[in-house]
>>> print(open('structure35.tsv').read())   # TSV, C-alpha atoms and all ligand atoms
chain	number	residue	atom	x	y	z
A	1	MET	CA	-51.26	23.69	103.45
A	2	ASP	CA	-48.76	24.89	106.06
A	3	THR	CA	-45.08	24.14	105.61
A	4	LYS	CA	-44.81	21.58	108.39
A	5	LYS	CA	-47.78	19.61	107.08
A	6	LYS	CA	-46.35	19.79	103.56
A	7	ILE	CA	-42.94	18.49	104.65
A	8	ASN	CA	-44.55	15.62	106.60
A	9	ARG	CA	-46.72	14.70	103.62
A	10	TYR	CA	-43.80	14.72	101.18
A	11	THR	CA	-41.60	12.78	103.60
A	12	ARG	CA	-44.19	9.99	103.85
A	13	ILE	CA	-44.57	9.97	100.05
A	14	TYR	CA	-40.80	9.82	99.58
A	15	HIS	CA	-40.51	6.73	101.79
A	16	GLN	CA	-43.49	5.06	100.15
A	17	LEU	CA	-42.01	5.69	96.69
A	18	GLU	CA	-38.58	4.50	97.77
A	19	GLU	CA	-40.14	1.12	98.58
A	20	LEU	CA	-42.42	0.95	95.54
A	21	LEU	CA	-39.76	1.95	92.99
A	22	ALA	CA	-37.45	-0.84	94.12
A	23	ASP	CA	-39.76	-3.33	92.38
A	24	THR	CA	-38.46	-2.64	88.87
A	25	ASN	CA	-35.67	-0.97	86.90
A	26	ASP	CA	-38.13	0.14	84.25
A	27	ARG	CA	-38.03	3.92	84.04
A	28	ASP	CA	-41.56	4.35	82.69
A	29	ALA	CA	-43.04	2.18	85.43
A	30	LYS	CA	-41.25	4.29	88.03
A	31	LEU	CA	-42.49	7.56	86.48
A	32	ALA	CA	-46.07	6.25	86.30
A	33	THR	CA	-45.87	5.26	89.96
A	34	ILE	CA	-44.53	8.67	90.99
A	35	ALA	CA	-47.31	10.47	89.07
A	36	ALA	CA	-50.03	8.26	90.58
A	37	VAL	CA	-48.82	8.52	94.18
A	38	LEU	CA	-48.23	12.29	94.10
A	39	HIS	CA	-51.49	13.02	92.32
A	40	HIS	CA	-53.65	11.05	94.70
A	41	LYS	CA	-51.90	12.00	97.93
A	42	ILE	CA	-51.71	15.76	97.54
A	43	GLU	CA	-55.08	17.41	97.25
A	44	TYR	CA	-53.98	20.55	95.37
A	45	TYR	CA	-52.46	18.54	92.51
A	46	PHE	CA	-54.80	18.91	89.53
A	47	TRP	CA	-52.52	17.65	86.77
A	48	THR	CA	-49.34	15.65	87.47
A	49	GLY	CA	-47.10	14.28	84.78
A	50	PHE	CA	-43.97	14.23	82.70
A	51	TYR	CA	-42.77	15.77	79.46
A	52	PHE	CA	-39.60	14.40	77.88
A	53	LEU	CA	-37.42	15.69	75.06
A	54	LYS	CA	-37.55	13.69	71.85
A	55	ASP	CA	-35.99	14.92	68.61
A	56	GLY	CA	-35.99	18.48	69.99
A	57	GLU	CA	-39.66	18.39	70.96
A	58	LEU	CA	-41.26	18.14	74.41
A	59	ILE	CA	-43.65	15.21	74.38
A	60	VAL	CA	-46.07	14.19	77.10
A	61	LYS	CA	-45.42	10.94	78.93
A	62	THR	CA	-47.27	9.30	81.78
A	63	TYR	CA	-49.67	11.56	83.66
A	64	GLN	CA	-52.66	11.78	85.96
A	65	GLY	CA	-55.41	14.35	85.53
A	66	PRO	CA	-57.34	15.89	82.65
A	67	LEU	CA	-56.33	15.61	79.02
A	68	ALA	CA	-53.05	17.44	78.31
A	69	CYS	CA	-51.25	18.78	75.24
A	70	GLN	CA	-49.18	16.01	73.66
A	71	VAL	CA	-46.53	18.29	72.18
A	72	LEU	CA	-45.51	21.67	73.64
A	73	GLU	CA	-44.58	24.45	71.26
A	74	LYS	CA	-40.82	24.87	71.31
A	75	ASN	CA	-39.31	27.42	73.71
A	76	LYS	CA	-42.73	28.54	74.92
A	77	GLY	CA	-44.38	28.07	78.31
A	78	VAL	CA	-43.31	26.85	81.71
A	79	CYS	CA	-42.00	23.38	80.80
A	80	TRP	CA	-39.67	24.78	78.16
A	81	ALA	CA	-38.52	27.45	80.63
A	82	GLY	CA	-37.53	24.62	83.01
A	83	ILE	CA	-35.66	22.88	80.20
A	84	ASN	CA	-33.92	26.03	78.94
A	85	GLN	CA	-33.02	27.43	82.36
A	86	GLY	CA	-32.11	24.07	83.86
A	87	LYS	CA	-33.83	24.84	87.14
A	88	THR	CA	-37.11	24.46	88.95
A	89	ILE	CA	-39.72	27.04	87.93
A	90	ILE	CA	-42.49	28.04	90.33
A	91	VAL	CA	-45.41	29.95	88.79
A	92	PRO	CA	-47.75	31.44	91.43
A	93	ASP	CA	-50.25	32.66	88.79
A	94	VAL	CA	-50.09	31.20	85.30
A	95	HIS	CA	-51.82	34.26	83.85
A	96	ASN	CA	-48.76	36.31	84.74
A	97	PHE	CA	-46.33	33.94	83.02
A	98	GLN	CA	-45.76	35.12	79.50
A	99	GLY	CA	-46.21	32.30	76.99
A	100	HIS	CA	-47.82	29.91	79.48
A	101	ILE	CA	-49.43	27.04	77.59
A	102	ALA	CA	-52.92	26.35	78.95
A	103	CYS	CA	-53.69	22.72	78.25
A	104	ASP	CA	-56.61	23.13	80.65
A	105	SER	CA	-58.01	26.56	81.45
A	106	ARG	CA	-58.69	25.53	85.06
A	107	SER	CA	-54.96	25.49	85.91
A	108	ARG	CA	-53.98	28.55	87.95
A	109	SER	CA	-50.52	27.81	89.36
A	110	GLU	CA	-47.76	25.44	88.35
A	111	ILE	CA	-44.35	23.97	89.18
A	112	VAL	CA	-41.86	22.43	86.76
A	113	ILE	CA	-38.81	20.43	87.84
A	114	PRO	CA	-36.22	19.45	85.22
A	115	PHE	CA	-34.71	15.98	85.12
A	116	LYS	CA	-30.98	15.52	84.52
A	117	ASP	CA	-29.41	12.32	83.29
A	118	MET	CA	-26.16	10.93	84.66
A	119	ASN	CA	-24.13	13.24	82.37
A	120	GLY	CA	-26.00	16.30	83.65
A	121	SER	CA	-28.00	16.78	80.42
A	122	ILE	CA	-31.62	17.73	80.82
A	123	THR	CA	-33.95	15.08	79.46
A	124	GLY	CA	-37.40	16.21	80.57
A	125	VAL	CA	-39.52	17.68	83.33
A	126	LEU	CA	-42.03	16.84	86.00
A	127	ASP	CA	-44.92	19.27	85.65
A	128	VAL	CA	-47.64	19.81	88.27
A	129	ASP	CA	-50.63	22.13	87.93
A	130	SER	CA	-53.05	23.33	90.60
A	131	LYS	CA	-56.50	24.88	90.25
A	132	ASP	CA	-55.58	27.34	93.03
A	133	LEU	CA	-53.23	30.31	92.90
A	134	ASN	CA	-49.91	30.12	94.81
A	135	SER	CA	-50.04	26.38	95.49
A	136	PHE	CA	-46.33	25.71	95.09
A	137	ASP	CA	-43.36	27.07	97.02
A	138	GLU	CA	-39.76	26.21	97.85
A	139	THR	CA	-40.92	23.30	100.02
A	140	ASP	CA	-42.66	21.65	97.05
A	141	ALA	CA	-39.59	22.36	94.93
A	142	GLY	CA	-37.09	20.83	97.35
A	143	CYS	CA	-39.25	17.79	98.13
A	144	LEU	CA	-40.07	17.08	94.48
A	145	GLU	CA	-36.40	17.41	93.48
A	146	LYS	CA	-35.58	14.82	96.13
A	147	ILE	CA	-38.32	12.49	94.87
A	148	LEU	CA	-37.05	12.76	91.29
A	149	GLY	CA	-33.65	11.72	92.60
A	150	LEU	CA	-35.17	8.25	93.09
A	151	VAL	CA	-35.20	7.69	89.30
A	152	ASN	CA	-32.30	7.48	86.86
A	153	VAL	CA	-33.36	8.96	83.55
B	201	LIG	N1	-48.56	24.70	81.28
B	201	LIG	C1	-47.49	23.96	80.64
B	201	LIG	C2	-48.00	23.00	79.61
B	201	LIG	C3	-48.26	21.64	80.10
B	201	LIG	S1	-49.67	21.50	81.01
B	201	LIG	O1	-49.65	22.37	82.18
B	201	LIG	C4	-50.09	19.96	81.38
B	201	LIG	C5	-46.50	24.93	80.03
B	201	LIG	O2	-46.75	26.14	79.98
B	201	LIG	O3	-45.45	24.48	79.58
>>> encode(input="structure35.tsv", output="structure tokens")
Amino acid sequence: MDTKKKINRYTRIYHQLEELLADTNDRDAKLATIAAVLHHKIEYYFWTGFYFLKDGELIVKTYQGPLACQVLEKNKGVCWAGINQGKTIIVPDVHNFQGHIACDSRSRSEIVIPFKDMNGSITGVLDVDSKDLNSFDETDAGCLEKILGLVNV
């Protein structure tokens, strides 16, 4: 998808989510709504969901897509890299990312965006997988970071 089309798509999704998320203060309902809208509006999203830290482990939360790992091995893979580095990680080809955890062998590229709470501590990540190589770029990163800003975690 070209950059202009991507930005337009994400802008429409942002405004739709802004309206939808105003319905409740419940964090899990907001996250479920974000996962559903993103997953069904962007055709290259193959798996879309959240992992949150709990007792030092990364545990899956609401998601859309095929069955995923419930617990991610500590300090391994893309989600833990997002947690440990505190920044968005874009993986153009998961086979070139050392330690990548393949919950589904069809995933080829991935983006992980960490969530920060109001004190700036990282609490979890949004993780999106695509079946195509090179699906995610700085446009996805910036737009997804803005969307996550709609939720207090
Ligand atoms: N690939 C991720 C694991 C989660 S799944 O993609 C749903 C990782 O390496 O952390």
>>> residues_near_ligand(input="structure35.tsv", ligand="ligand LIG 201 (chain B)", cutoff="8 Å", atoms="only C-alpha atoms and all ligand atoms", output="list in words")
Trp47, Thr48, Gly49, Leu67, Ala68, Cys69, Leu72, Lys76, Gly77, Val78, Cys79, Trp80, Ala81, Val94, Gly99, His100, Ile101, Ala102, Cys103, Asp104, Ser107, Glu110, Asp127, Val128 and Asp129 of chain A
>>> write_last_selection(input="structure35.tsv", atoms="C-alpha atoms", output="CSV table (one decimal), in the frame of the given file")
chain,number,residue,atom,x,y,z
A,47,TRP,CA,-52.5,17.6,86.8
A,48,THR,CA,-49.3,15.6,87.5
A,49,GLY,CA,-47.1,14.3,84.8
A,67,LEU,CA,-56.3,15.6,79.0
A,68,ALA,CA,-53.0,17.4,78.3
A,69,CYS,CA,-51.2,18.8,75.2
A,72,LEU,CA,-45.5,21.7,73.6
A,76,LYS,CA,-42.7,28.5,74.9
A,77,GLY,CA,-44.4,28.1,78.3
A,78,VAL,CA,-43.3,26.8,81.7
A,79,CYS,CA,-42.0,23.4,80.8
A,80,TRP,CA,-39.7,24.8,78.2
A,81,ALA,CA,-38.5,27.4,80.6
A,94,VAL,CA,-50.1,31.2,85.3
A,99,GLY,CA,-46.2,32.3,77.0
A,100,HIS,CA,-47.8,29.9,79.5
A,101,ILE,CA,-49.4,27.0,77.6
A,102,ALA,CA,-52.9,26.4,79.0
A,103,CYS,CA,-53.7,22.7,78.2
A,104,ASP,CA,-56.6,23.1,80.6
A,107,SER,CA,-55.0,25.5,85.9
A,110,GLU,CA,-47.8,25.4,88.4
A,127,ASP,CA,-44.9,19.3,85.6
A,128,VAL,CA,-47.6,19.8,88.3
A,129,ASP,CA,-50.6,22.1,87.9
>>> closest_residue(input="structure35.tsv", among="A:Phe52, A:Tyr14, A:Tyr44, A:Tyr63", to="Ala32 of chain A", atoms="all atoms listed in the file")
A:Tyr63
>>> residues_around(input="structure35.tsv", residues="Asn84 of chain A", least_positions_apart="6", cutoff="12 Å", atoms="all atoms listed in the file", output="ChimeraX atom specification")
/A:53,56,58,74-78,112-115,121-125
>>> closest_residue(input="structure35.tsv", among="A:Met118, A:Val153, A:Ile147, A:Val91", to="Asp26 of chain A", atoms="all atoms listed in the file")
A:Val153
>>> closest_residue(input="structure35.tsv", among="A:Leu126, A:Ile7, A:Phe97, A:Pro66", to="Gly149 of chain A", atoms="all atoms listed in the file")
A:Leu126
>>> atom_distance(input="structure35.tsv", atom1="atom CA of Asp137 of chain A", atom2="atom CA of Glu43 of chain A")
15.2 Å
>>> atom_distance(input="structure35.tsv", atom1="atom CA of Val37 of chain A", atom2="atom CA of Ile83 of chain A")
24.0 Å
>>> residues_around(input="structure35.tsv", residues="Ile13 of chain A", least_positions_apart="4", cutoff="9 Å", atoms="all atoms listed in the file", output="list of chain:residue names")
A:Asn8, A:Arg9, A:Leu17, A:Glu18, A:Val37, A:Leu38, A:Lys41, A:Ile147
>>> axis_aligned_box(input="structure35.tsv", around="segment 39-55 of chain A", padding_each_side="3 Å", output="JSON")
{"center_x": -45.5, "center_y": 15.8, "center_z": 83.3, "size_x": 25.1, "size_y": 15.5, "size_z": 35.3}
>>> atom_distance(input="structure35.tsv", atom1="atom CA of Tyr51 of chain A", atom2="atom CA of Thr3 of chain A")
27.6 Å
>>> closest_residue(input="structure35.tsv", among="A:Val151, A:Glu145, A:Asp28, A:Ile42", to="Lys5 of chain A", atoms="all atoms listed in the file")
A:Ile42
>>> residues_around(input="structure35.tsv", residues="Ser109 of chain A", least_positions_apart="4", cutoff="8 Å", atoms="all atoms listed in the file", output="PyMOL selection string")
chain A and resi 91-94+129-136
>>> closest_residue(input="structure35.tsv", among="A:Ile90, A:Arg106, A:Gly120, A:Arg27", to="Gly65 of chain A", atoms="only C-alpha atoms")
A:Arg106
>>> residues_around(input="structure35.tsv", residues="Asn25 of chain A", least_positions_apart="5", cutoff="12 Å", atoms="only C-alpha atoms", output="PyMOL selection string")
chain A and resi 20+30-31+150-153
>>> decode(input="structure35.tsv", residues="segment 50-136 of chain A", atoms="C-alpha atoms", output="PDB file, in the first residue's frame")
ATOM      1  CA  PHE A  50      -1.662  -7.288  22.744  1.00  0.00           C
ATOM      2  CA  TYR A  51       0.846  -8.779  25.156  1.00  0.00           C
ATOM      3  CA  PHE A  52       1.059  -7.335  28.653  1.00  0.00           C
ATOM      4  CA  LEU A  53       3.605  -7.800  31.423  1.00  0.00           C
ATOM      5  CA  LYS A  54       2.411  -9.780  34.425  1.00  0.00           C
ATOM      6  CA  ASP A  55       4.766 -10.961  37.163  1.00  0.00           C
ATOM      7  CA  GLY A  56       7.716 -10.509  34.788  1.00  0.00           C
ATOM      8  CA  GLU A  57       6.117 -12.534  31.993  1.00  0.00           C
ATOM      9  CA  LEU A  58       4.604 -11.365  28.705  1.00  0.00           C
ATOM     10  CA  ILE A  59       1.094 -12.746  28.486  1.00  0.00           C
ATOM     11  CA  VAL A  60      -1.269 -12.561  25.539  1.00  0.00           C
ATOM     12  CA  LYS A  61      -4.381 -10.429  25.880  1.00  0.00           C
ATOM     13  CA  THR A  62      -7.135  -9.663  23.415  1.00  0.00           C
ATOM     14  CA  TYR A  63      -6.321 -10.463  19.797  1.00  0.00           C
ATOM     15  CA  GLN A  64      -7.673 -11.146  16.330  1.00  0.00           C
ATOM     16  CA  GLY A  65      -6.222 -13.780  14.032  1.00  0.00           C
ATOM     17  CA  PRO A  66      -4.913 -17.319  14.361  1.00  0.00           C
ATOM     18  CA  LEU A  67      -4.041 -18.975  17.647  1.00  0.00           C
ATOM     19  CA  ALA A  68      -1.060 -17.299  19.345  1.00  0.00           C
ATOM     20  CA  CYS A  69       1.447 -18.205  22.059  1.00  0.00           C
ATOM     21  CA  GLN A  70      -0.008 -17.378  25.467  1.00  0.00           C
ATOM     22  CA  VAL A  71       3.326 -16.732  27.179  1.00  0.00           C
ATOM     23  CA  LEU A  72       6.461 -15.458  25.404  1.00  0.00           C
ATOM     24  CA  GLU A  73       9.825 -16.742  26.548  1.00  0.00           C
ATOM     25  CA  LYS A  74      11.539 -14.011  28.534  1.00  0.00           C
ATOM     26  CA  ASN A  75      13.896 -11.640  26.705  1.00  0.00           C
ATOM     27  CA  LYS A  76      13.438 -13.483  23.418  1.00  0.00           C
ATOM     28  CA  GLY A  77      11.710 -12.358  20.222  1.00  0.00           C
ATOM     29  CA  VAL A  78      10.272  -9.140  18.894  1.00  0.00           C
ATOM     30  CA  CYS A  79       7.770  -8.334  21.660  1.00  0.00           C
ATOM     31  CA  TRP A  80      10.429  -8.584  24.352  1.00  0.00           C
ATOM     32  CA  ALA A  81      12.746  -6.441  22.209  1.00  0.00           C
ATOM     33  CA  GLY A  82      10.031  -3.753  22.196  1.00  0.00           C
ATOM     34  CA  ILE A  83       9.703  -4.026  25.968  1.00  0.00           C
ATOM     35  CA  ASN A  84      13.452  -4.015  26.652  1.00  0.00           C
ATOM     36  CA  GLN A  85      14.335  -1.262  24.179  1.00  0.00           C
ATOM     37  CA  GLY A  86      11.278   0.858  24.953  1.00  0.00           C
ATOM     38  CA  LYS A  87      10.680   1.698  21.314  1.00  0.00           C
ATOM     39  CA  THR A  88       8.785   0.552  18.265  1.00  0.00           C
ATOM     40  CA  ILE A  89      10.417  -2.381  16.467  1.00  0.00           C
ATOM     41  CA  ILE A  90       9.840  -2.942  12.752  1.00  0.00           C
ATOM     42  CA  VAL A  91      10.867  -6.354  11.410  1.00  0.00           C
ATOM     43  CA  PRO A  92      10.833  -6.500   7.577  1.00  0.00           C
ATOM     44  CA  ASP A  93      11.604 -10.254   7.536  1.00  0.00           C
ATOM     45  CA  VAL A  94      11.061 -12.273  10.687  1.00  0.00           C
ATOM     46  CA  HIS A  95      13.532 -14.925   9.522  1.00  0.00           C
ATOM     47  CA  ASN A  96      16.308 -12.357   9.854  1.00  0.00           C
ATOM     48  CA  PHE A  97      15.378 -11.416  13.421  1.00  0.00           C
ATOM     49  CA  GLN A  98      17.393 -13.511  15.811  1.00  0.00           C
ATOM     50  CA  GLY A  99      15.192 -15.142  18.437  1.00  0.00           C
ATOM     51  CA  HIS A 100      11.919 -14.337  16.660  1.00  0.00           C
ATOM     52  CA  ILE A 101       9.120 -16.400  18.198  1.00  0.00           C
ATOM     53  CA  ALA A 102       6.971 -17.956  15.471  1.00  0.00           C
ATOM     54  CA  CYS A 103       3.530 -18.505  16.952  1.00  0.00           C
ATOM     55  CA  ASP A 104       2.361 -19.094  13.378  1.00  0.00           C
ATOM     56  CA  SER A 105       4.821 -20.033  10.654  1.00  0.00           C
ATOM     57  CA  ARG A 106       2.881 -17.983   8.081  1.00  0.00           C
ATOM     58  CA  SER A 107       3.995 -14.677   9.658  1.00  0.00           C
ATOM     59  CA  ARG A 108       6.709 -12.999   7.572  1.00  0.00           C
ATOM     60  CA  SER A 109       6.969  -9.425   8.870  1.00  0.00           C
ATOM     61  CA  GLU A 110       6.008  -7.770  12.126  1.00  0.00           C
ATOM     62  CA  ILE A 111       5.718  -4.525  14.085  1.00  0.00           C
ATOM     63  CA  VAL A 112       5.702  -4.118  17.864  1.00  0.00           C
ATOM     64  CA  ILE A 113       4.747  -0.899  19.641  1.00  0.00           C
ATOM     65  CA  PRO A 114       5.322  -0.624  23.403  1.00  0.00           C
ATOM     66  CA  PHE A 115       2.730   0.875  25.711  1.00  0.00           C
ATOM     67  CA  LYS A 116       3.758   3.262  28.485  1.00  0.00           C
ATOM     68  CA  ASP A 117       1.671   4.012  31.533  1.00  0.00           C
ATOM     69  CA  MET A 118       1.273   7.489  32.988  1.00  0.00           C
ATOM     70  CA  ASN A 119       4.575   7.138  34.892  1.00  0.00           C
ATOM     71  CA  GLY A 120       6.430   6.219  31.705  1.00  0.00           C
ATOM     72  CA  SER A 121       6.830   2.536  32.649  1.00  0.00           C
ATOM     73  CA  ILE A 122       6.325   0.023  29.887  1.00  0.00           C
ATOM     74  CA  THR A 123       3.365  -2.238  30.549  1.00  0.00           C
ATOM     75  CA  GLY A 124       2.927  -4.166  27.307  1.00  0.00           C
ATOM     76  CA  VAL A 125       2.935  -4.068  23.525  1.00  0.00           C
ATOM     77  CA  LEU A 126       0.710  -4.006  20.493  1.00  0.00           C
ATOM     78  CA  ASP A 127       1.966  -6.680  18.109  1.00  0.00           C
ATOM     79  CA  VAL A 128       0.943  -6.989  14.459  1.00  0.00           C
ATOM     80  CA  ASP A 129       2.056  -9.713  12.048  1.00  0.00           C
ATOM     81  CA  SER A 130       1.727  -9.858   8.272  1.00  0.00           C
ATOM     82  CA  LYS A 131       1.987 -12.821   5.905  1.00  0.00           C
ATOM     83  CA  ASP A 132       3.973 -10.619   3.497  1.00  0.00           C
ATOM     84  CA  LEU A 133       7.535  -9.377   3.789  1.00  0.00           C
ATOM     85  CA  ASN A 134       8.150  -5.645   4.432  1.00  0.00           C
ATOM     86  CA  SER A 135       4.557  -4.794   5.333  1.00  0.00           C
ATOM     87  CA  PHE A 136       5.357  -2.250   8.034  1.00  0.00           C
TER      88      PHE A 136
END
